[in-house]
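Participant: Contents of protein-v5.cif (mmCIF, C-alpha atoms and all ligand atoms; chains and numbers go by the auth columns) are below:
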```cif
data_query
#
loop_
_atom_site.group_PDB
_atom_site.id
_atom_site.type_symbol
_atom_site.label_atom_id
_atom_site.label_comp_id
_atom_site.label_asym_id
_atom_site.label_seq_id
_atom_site.Cartn_x
_atom_site.Cartn_y
_atom_site.Cartn_z
_atom_site.B_iso_or_equiv
_atom_site.auth_seq_id
_atom_site.auth_asym_id
ATOM 1 C CA MET A 1 -204.737 63.997 160.213 0.00 739 D
ATOM 2 C CA ALA A 2 -202.457 63.494 157.307 0.00 740 D
ATOM 3 C CA HIS A 3 -198.939 64.263 158.154 0.00 741 D
ATOM 4 C CA ALA A 4 -196.789 65.874 155.576 0.00 742 D
ATOM 5 C CA VAL A 5 -193.882 63.630 154.911 0.00 743 D
ATOM 6 C CA SER A 6 -190.776 65.199 153.698 0.00 744 D
ATOM 7 C CA VAL A 7 -189.672 63.362 150.618 0.00 745 D
ATOM 8 C CA PRO A 8 -186.087 63.885 149.592 0.00 746 D
ATOM 9 C CA ASP A 9 -185.671 65.183 146.159 0.00 747 D
ATOM 10 C CA PRO A 10 -185.085 62.423 143.694 0.00 748 D
ATOM 11 C CA ASP A 11 -181.737 62.331 142.064 0.00 749 D
ATOM 12 C CA PRO A 12 -181.633 64.825 139.310 0.00 750 D
ATOM 13 C CA VAL A 13 -182.428 63.223 136.048 0.00 751 D
ATOM 14 C CA PRO A 14 -179.266 63.237 134.010 0.00 752 D
ATOM 15 C CA THR A 15 -179.552 65.194 130.861 0.00 753 D
ATOM 16 C CA PRO A 16 -178.690 62.926 127.959 0.00 754 D
ATOM 17 C CA GLY A 17 -175.397 63.890 126.538 0.00 755 D
ATOM 18 C CA ALA A 18 -174.509 66.193 129.408 0.00 756 D
ATOM 19 C CA GLU A 19 -172.147 63.809 131.050 0.00 757 D
ATOM 20 C CA HIS A 20 -168.798 62.890 129.621 0.00 758 D
ATOM 21 C CA VAL A 21 -168.377 59.248 130.404 0.00 759 D
ATOM 22 C CA ARG A 22 -164.917 57.901 129.857 0.00 760 D
ATOM 23 C CA THR A 23 -165.291 54.418 128.544 0.00 761 D
ATOM 24 C CA PRO A 24 -162.439 52.226 127.472 0.00 762 D
ATOM 25 C CA GLY A 25 -162.255 52.466 123.748 0.00 763 D
ATOM 26 C CA PRO A 26 -161.253 49.731 121.381 0.00 764 D
ATOM 27 C CA ASP A 27 -157.561 49.022 121.047 0.00 765 D
ATOM 28 C CA PRO A 28 -155.879 51.376 118.677 0.00 766 D
ATOM 29 C CA VAL A 29 -156.293 49.953 115.249 0.00 767 D
ATOM 30 C CA ARG A 30 -153.090 48.270 114.212 0.00 768 D
ATOM 31 C CA THR A 31 -152.177 48.589 110.594 0.00 769 D
ATOM 32 C CA PRO A 32 -152.145 45.083 109.115 0.00 770 D
ATOM 33 C CA ASP A 33 -148.622 43.993 108.342 0.00 771 D
ATOM 34 C CA PRO A 34 -148.665 41.097 105.869 0.00 772 D
ATOM 35 C CA VAL A 35 -144.918 40.498 106.287 0.00 773 D
ATOM 36 C CA ARG A 36 -144.791 40.269 110.092 0.00 774 D
ATOM 37 C CA ASP A 37 -148.329 39.319 111.154 0.00 775 D
ATOM 38 C CA PRO A 38 -148.066 35.646 110.089 0.00 776 D
ATOM 39 C CA TRP A 39 -145.228 35.158 112.619 0.00 777 D
ATOM 40 C CA ARG A 40 -146.790 36.751 115.690 0.00 778 D
ATOM 41 C CA ASP A 41 -148.154 33.484 117.125 0.00 779 D
ATOM 42 C CA ALA A 42 -144.810 31.746 116.748 0.00 780 D
ATOM 43 C CA MET A 43 -143.065 34.730 118.339 0.00 781 D
ATOM 44 C CA ARG A 44 -145.391 34.442 121.331 0.00 782 D
ATOM 45 C CA LEU A 45 -144.211 30.844 121.722 0.00 783 D
ATOM 46 C CA ALA A 46 -140.616 32.055 121.534 0.00 784 D
ATOM 47 C CA LEU A 47 -141.318 34.718 124.166 0.00 785 D
ATOM 48 C CA ALA A 48 -142.811 32.077 126.479 0.00 786 D
ATOM 49 C CA GLU A 49 -139.781 29.869 125.886 0.00 787 D
ATOM 50 C CA ALA A 50 -137.459 32.780 126.720 0.00 788 D
ATOM 51 C CA ASP A 51 -139.165 33.107 130.101 0.00 789 D
ATOM 52 C CA ALA A 52 -137.887 29.633 130.943 0.00 790 D
ATOM 53 C CA ALA A 53 -134.285 30.868 130.721 0.00 791 D
ATOM 54 C CA ALA A 54 -134.496 33.273 133.622 0.00 792 D
ATOM 55 C CA PRO A 55 -134.511 30.839 136.592 0.00 793 D
ATOM 56 C CA ALA A 56 -130.967 29.729 135.734 0.00 794 D
ATOM 57 C CA GLY A 57 -129.853 33.322 135.323 0.00 795 D
ATOM 58 C CA ASP A 58 -129.688 33.017 131.557 0.00 796 D
ATOM 59 C CA VAL A 59 -130.492 35.978 129.348 0.00 797 D
ATOM 60 C CA PRO A 60 -134.088 35.374 128.235 0.00 798 D
ATOM 61 C CA VAL A 61 -133.869 34.499 124.566 0.00 799 D
ATOM 62 C CA GLY A 62 -136.265 31.958 123.094 0.00 800 D
ATOM 63 C CA ALA A 63 -136.502 30.301 119.692 0.00 801 D
ATOM 64 C CA VAL A 64 -138.823 27.979 117.828 0.00 802 D
ATOM 65 C CA VAL A 65 -138.364 26.166 114.542 0.00 803 D
ATOM 66 C CA LEU A 66 -141.387 25.747 112.306 0.00 804 D
ATOM 67 C CA ALA A 67 -141.716 23.276 109.464 0.00 805 D
ATOM 68 C CA ALA A 68 -142.847 24.565 106.084 0.00 806 D
ATOM 69 C CA ASP A 69 -146.461 23.781 107.009 0.00 807 D
ATOM 70 C CA GLY A 70 -146.193 25.734 110.271 0.00 808 D
ATOM 71 C CA THR A 71 -145.800 22.710 112.563 0.00 809 D
ATOM 72 C CA VAL A 72 -143.623 23.513 115.584 0.00 810 D
ATOM 73 C CA LEU A 73 -140.621 21.183 115.296 0.00 811 D
ATOM 74 C CA SER A 74 -138.686 22.425 118.302 0.00 812 D
ATOM 75 C CA ARG A 75 -138.404 25.070 120.987 0.00 813 D
ATOM 76 C CA ALA A 76 -135.402 26.170 122.990 0.00 814 D
ATOM 77 C CA HIS A 77 -134.168 28.899 125.273 0.00 815 D
ATOM 78 C CA ASN A 78 -130.736 30.212 126.046 0.00 816 D
ATOM 79 C CA GLU A 79 -128.983 27.707 128.335 0.00 817 D
ATOM 80 C CA ARG A 80 -125.490 29.121 128.451 0.00 818 D
ATOM 81 C CA GLU A 81 -125.488 29.415 132.243 0.00 819 D
ATOM 82 C CA ALA A 82 -127.687 26.380 132.853 0.00 820 D
ATOM 83 C CA ALA A 83 -125.495 24.125 130.731 0.00 821 D
ATOM 84 C CA GLY A 84 -122.191 25.911 131.203 0.00 822 D
ATOM 85 C CA ASP A 85 -121.919 25.839 127.434 0.00 823 D
ATOM 86 C CA PRO A 86 -120.830 28.906 125.455 0.00 824 D
ATOM 87 C CA THR A 87 -122.632 27.616 122.364 0.00 825 D
ATOM 88 C CA ALA A 88 -125.957 26.881 124.066 0.00 826 D
ATOM 89 C CA HIS A 89 -127.774 29.799 122.493 0.00 827 D
ATOM 90 C CA ALA A 90 -131.497 29.361 121.878 0.00 828 D
ATOM 91 C CA GLU A 91 -131.081 29.258 118.104 0.00 829 D
ATOM 92 C CA VAL A 92 -128.377 26.565 118.103 0.00 830 D
ATOM 93 C CA LEU A 93 -130.367 24.372 120.491 0.00 831 D
ATOM 94 C CA ALA A 94 -133.578 24.846 118.503 0.00 832 D
ATOM 95 C CA LEU A 95 -131.822 23.963 115.228 0.00 833 D
ATOM 96 C CA ARG A 96 -130.276 20.825 116.756 0.00 834 D
ATOM 97 C CA ARG A 97 -133.602 19.698 118.170 0.00 835 D
ATOM 98 C CA ALA A 98 -135.433 20.363 114.899 0.00 836 D
ATOM 99 C CA ALA A 99 -132.833 18.317 113.018 0.00 837 D
ATOM 100 C CA ALA A 100 -133.234 15.515 115.571 0.00 838 D
ATOM 101 C CA VAL A 101 -136.996 15.534 114.971 0.00 839 D
ATOM 102 C CA THR A 102 -136.741 15.487 111.183 0.00 840 D
ATOM 103 C CA GLY A 103 -133.715 13.178 111.111 0.00 841 D
ATOM 104 C CA GLU A 104 -132.073 15.473 108.596 0.00 842 D
ATOM 105 C CA TRP A 105 -129.482 18.209 109.140 0.00 843 D
ATOM 106 C CA ARG A 106 -130.876 20.236 106.255 0.00 844 D
ATOM 107 C CA LEU A 107 -133.823 22.203 107.557 0.00 845 D
ATOM 108 C CA THR A 108 -135.014 23.105 104.073 0.00 846 D
ATOM 109 C CA GLY A 109 -138.269 25.037 104.106 0.00 847 D
ATOM 110 C CA CYS A 110 -138.104 25.656 107.849 0.00 848 D
ATOM 111 C CA THR A 111 -138.381 28.984 109.644 0.00 849 D
ATOM 112 C CA LEU A 112 -136.533 29.834 112.848 0.00 850 D
ATOM 113 C CA VAL A 113 -138.316 32.404 114.986 0.00 851 D
ATOM 114 C CA VAL A 114 -136.250 34.011 117.764 0.00 852 D
ATOM 115 C CA THR A 115 -136.863 36.858 120.181 0.00 853 D
ATOM 116 C CA LEU A 116 -133.483 38.546 119.645 0.00 854 D
ATOM 117 C CA GLU A 117 -131.415 39.149 116.528 0.00 855 D
ATOM 118 C CA PRO A 118 -128.979 36.228 116.097 0.00 856 D
ATOM 119 C CA CYS A 119 -125.292 36.646 116.934 0.00 857 D
ATOM 120 C CA VAL A 120 -122.494 35.697 114.532 0.00 858 D
ATOM 121 C CA MET A 121 -122.382 32.094 115.768 0.00 859 D
ATOM 122 C CA CYS A 122 -126.135 31.613 115.401 0.00 860 D
ATOM 123 C CA ALA A 123 -126.255 33.382 112.049 0.00 861 D
ATOM 124 C CA GLY A 124 -123.589 30.921 110.889 0.00 862 D
ATOM 125 C CA ALA A 125 -125.597 27.994 112.225 0.00 863 D
ATOM 126 C CA LEU A 126 -128.684 29.290 110.429 0.00 864 D
ATOM 127 C CA VAL A 127 -126.834 29.424 107.132 0.00 865 D
ATOM 128 C CA GLN A 128 -125.375 25.945 107.721 0.00 866 D
ATOM 129 C CA SER A 129 -128.818 24.504 108.495 0.00 867 D
ATOM 130 C CA ARG A 130 -130.252 25.840 105.207 0.00 868 D
ATOM 131 C CA VAL A 131 -133.326 27.266 106.885 0.00 869 D
ATOM 132 C CA GLU A 132 -135.629 29.096 104.538 0.00 870 D
ATOM 133 C CA ARG A 133 -136.252 32.045 106.814 0.00 871 D
ATOM 134 C CA VAL A 134 -135.125 33.761 110.015 0.00 872 D
ATOM 135 C CA VAL A 135 -137.685 35.796 111.932 0.00 873 D
ATOM 136 C CA PHE A 136 -136.599 37.852 114.910 0.00 874 D
ATOM 137 C CA GLY A 137 -138.072 40.359 117.326 0.00 875 D
ATOM 138 C CA ALA A 138 -135.643 42.780 118.939 0.00 876 D
ATOM 139 C CA LEU A 139 -132.556 44.173 117.265 0.00 877 D
ATOM 140 C CA ASP A 140 -129.207 43.513 118.944 0.00 878 D
ATOM 141 C CA GLU A 141 -127.228 46.601 118.115 0.00 879 D
ATOM 142 C CA LYS A 142 -124.188 45.344 120.046 0.00 880 D
ATOM 143 C CA ALA A 143 -123.846 41.881 118.537 0.00 881 D
ATOM 144 C CA GLY A 144 -126.523 41.331 115.897 0.00 882 D
ATOM 145 C CA ALA A 145 -125.461 39.480 112.745 0.00 883 D
ATOM 146 C CA ALA A 146 -128.700 39.677 110.797 0.00 884 D
ATOM 147 C CA GLY A 147 -128.663 43.347 109.908 0.00 885 D
ATOM 148 C CA SER A 148 -127.380 45.356 112.891 0.00 886 D
ATOM 149 C CA LEU A 149 -123.587 44.968 113.082 0.00 887 D
ATOM 150 C CA TRP A 150 -123.230 42.384 110.361 0.00 888 D
ATOM 151 C CA ASP A 151 -125.615 40.891 107.860 0.00 889 D
ATOM 152 C CA LEU A 152 -124.084 37.468 107.678 0.00 890 D
ATOM 153 C CA VAL A 153 -127.284 35.641 106.761 0.00 891 D
ATOM 154 C CA ARG A 154 -127.700 37.718 103.618 0.00 892 D
ATOM 155 C CA ASP A 155 -124.052 37.935 102.593 0.00 893 D
ATOM 156 C CA ARG A 156 -124.067 37.509 98.820 0.00 894 D
ATOM 157 C CA ARG A 157 -120.806 35.557 98.963 0.00 895 D
ATOM 158 C CA LEU A 158 -122.673 32.689 100.622 0.00 896 D
ATOM 159 C CA ASN A 159 -124.584 30.266 98.475 0.00 897 D
ATOM 160 C CA HIS A 160 -127.445 29.964 100.931 0.00 898 D
ATOM 161 C CA ARG A 161 -129.123 33.110 102.169 0.00 899 D
ATOM 162 C CA PRO A 162 -132.216 32.791 104.347 0.00 900 D
ATOM 163 C CA GLU A 163 -134.943 35.382 104.086 0.00 901 D
ATOM 164 C CA VAL A 164 -134.956 37.747 107.088 0.00 902 D
ATOM 165 C CA VAL A 165 -138.040 39.193 108.775 0.00 903 D
ATOM 166 C CA HIS A 166 -137.363 41.447 111.741 0.00 904 D
ATOM 167 C CA GLY A 167 -139.426 43.445 114.204 0.00 905 D
ATOM 168 C CA VAL A 168 -142.110 40.820 114.907 0.00 906 D
ATOM 169 C CA LEU A 169 -143.442 41.774 118.373 0.00 907 D
ATOM 170 C CA GLY A 170 -140.201 43.729 118.607 0.00 908 D
ATOM 171 C CA ASP A 171 -141.345 45.912 121.495 0.00 909 D
ATOM 172 C CA GLU A 172 -142.381 42.910 123.611 0.00 910 D
ATOM 173 C CA CYS A 173 -139.126 41.120 122.862 0.00 911 D
ATOM 174 C CA ALA A 174 -137.049 44.172 123.762 0.00 912 D
ATOM 175 C CA ALA A 175 -139.085 44.771 126.939 0.00 913 D
ATOM 176 C CA GLN A 176 -138.475 41.209 128.125 0.00 914 D
ATOM 177 C CA LEU A 177 -134.710 41.678 127.816 0.00 915 D
ATOM 178 C CA THR A 178 -134.765 45.128 129.402 0.00 916 D
ATOM 179 C CA ALA A 179 -136.728 43.794 132.382 0.00 917 D
ATOM 180 C CA PHE A 180 -134.180 41.004 132.849 0.00 918 D
ATOM 181 C CA PHE A 181 -131.166 43.305 132.823 0.00 919 D
ATOM 182 C CA ARG A 182 -132.873 45.822 135.131 0.00 920 D
ATOM 183 C CA SER A 183 -133.607 43.096 137.678 0.00 921 D
ATOM 184 C CA ARG A 184 -129.972 42.006 137.921 0.00 922 D
HETATM 185 ZN ZN ZN B . -126.273 33.335 119.274 0.00 1 B
#
```
Could you render the structure as structure tokens?
Ligand SMILES: [Zn+2]
Facilitator:
Amino acid sequence: MAHAVSVPDPDPVPTPGAEHVRTPGPDPVRTPDPVRDPWRDAMRLALAEADAAAPAGDVPVGAVVLAADGTVLSRAHNEREAAGDPTAHAEVLALRRAAAVTGEWRLTGCTLVVTLEPCVMCAGALVQSRVERVVFGALDEKAGAAGSLWDLVRDRRLNHRPEVVHGVLGDECAAQLTAFFRSR
């Protein structure tokens, strides 16, 4: 004799559209920025270079120098502690290395990309090197000499004034510095 088998109810068929499924959406659309966007890749290199400063206890600041065609001529990070040298800022080291590569102290047509706004010393070195452009990430409101406290690189009394682009990956650059100072 057939035995009635109790069959559990199948799962209720979901009603299309009844469920609200939270799916990760696309990244928020970033407004294209024709001034800053071309320097984002170079700034990522500078950020990676800045990471190399931390093991010696140096403030993580990184810089790269690009030739006019975009070739990376040099990279450097802050080595003030590592070298015991008050002038061993990332920008100064990157400029020296770029000049060593090109064999020419004039870095005409070159762009220096750095994670933090240059100080007075570095702004002076940038003017002296005749770079075409300075690109930086985070503002340095306590010591910046490219727009914050001073604007040495664009002082009209100087006969060479590099173009300045600021705020490239600015949040990432600032976060890297904040994380370093919090961890101390
Ligand atoms: Zn400096």
Participant: Could I get the residue neighbourhood of ligand ZN 1 (chain B) at 7 Å, counting all atoms listed in the file, as a list in words?
Facilitator: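 The residues within 7 Å of ligand ZN 1 (chain B), counting all atoms listed in the file, are His827, Glu829, Pro856, Cys857, Val858, Met859 and Cys860 of chain D.
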Participant: For the provided coordinates, the residues matched by the PyMOL selection byres (((chain D and resi 770-779) around 8) and not hetatm) should be stated as a list in words.
Facilitator: Arg768, Thr769, Ala780, Met781, Arg782, Leu783, Val851, Val873, Val903, His904, Gly905, Val906 and Leu907 of chain D
Participant: Give the answer as one residue: which of D:Leu854, D:Leu831, D:Ala917, D:Val869 has the shortest atom-to-atom distance to Arg899 of chain D, using all atoms listed in the file?
Facilitator: D:Val869
Participant: In Å, rounded to a single decimal, give me how far atom CA of Ser886 of chain D is from atom CA of Leu785 of chain D.
Facilitator: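 Distance reported for this atom pair: 20.8 Å.
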Participant: Pick from D:Asn816, D:Ser867, D:Gly908, D:Ala883: nearest to Ala836 of chain D, with all atoms listed in the file counted?
Facilitator: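 Looking only at the distances to Ala836 of chain D, the closest residue turns out to be D:Ser867.
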Participant: Find the distance between atom CA of Val830 of chain D and atom CA of Ala814 of chain D and write it in Å to one decimal.
Facilitator: 8.6 Å
Participant: Could you give me, as an mmCIF file with C-alpha atoms, in the coordinates of the input, the residues within 10 Å of Trp843 of chain D, counting only C-alpha atoms and dropping anything in the same chain fewer than 6 positions from it?
Facilitator:
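selection.cif, freshly written:
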```
data_model
loop_
_atom_site.group_PDB
_atom_site.id
_atom_site.type_symbol
_atom_site.label_atom_id
_atom_site.label_comp_id
_atom_site.auth_asym_id
_atom_site.auth_seq_id
_atom_site.Cartn_x
_atom_site.Cartn_y
_atom_site.Cartn_z
ATOM 1 C CA LEU D 833 -131.822 23.963 115.228
ATOM 2 C CA ARG D 834 -130.276 20.825 116.756
ATOM 3 C CA ALA D 836 -135.433 20.363 114.899
ATOM 4 C CA ALA D 837 -132.833 18.317 113.018
ATOM 5 C CA GLN D 866 -125.375 25.945 107.721
ATOM 6 C CA SER D 867 -128.818 24.504 108.495
ATOM 7 C CA ARG D 868 -130.252 25.840 105.207
#
```
Participant: Measure the distance from atom CA of Gly882 of chain D to atom CA of Ala861 of chain D in Å and round it to one decimal.
Facilitator: 8.8 Å
Participant: With distances taken over all atoms listed in the file, which residue among D:Val865, D:Ala784, D:Ala881, D:Val767 lies nearest Gly800 of chain D?
Facilitator: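 Looking at the shortest contact to Gly800 of chain D, the residue is D:Ala784.
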Participant: Residues at most 7 Å from Leu804 of chain D, counting all atoms listed in the file, excluding those fewer than 2 positions away in the same chain, as a PyMOL selection string?
Facilitator: chain D and resi 802+806+808-811+848-850
Participant: Report as an MDAnalysis selection string all protein, DNA and RNA residues lying within 7 Å of Asp796 of chain D, evaluated on only C-alpha atoms, omitting residues in the same chain fewer than 4 positions from it.
Facilitator: chainID D and resid 791:792 816:819
Participant: Please write as an NGL selection string the full residue list that the PyMOL selection byres (((chain D and resi 799) around 7) and not hetatm) yields on this file.
Facilitator: :D and (788 or 797-798 or 800-801 or 815-816 or 828 or 853-854)
Participant: Let me make sure I understand: among D:Gly862, D:Thr825, D:Gln914, D:Asp889, which one has the smallest atom-to-atom distance to Ala786 of chain D if we use all atoms listed in the file?
Facilitator: D:Gln914
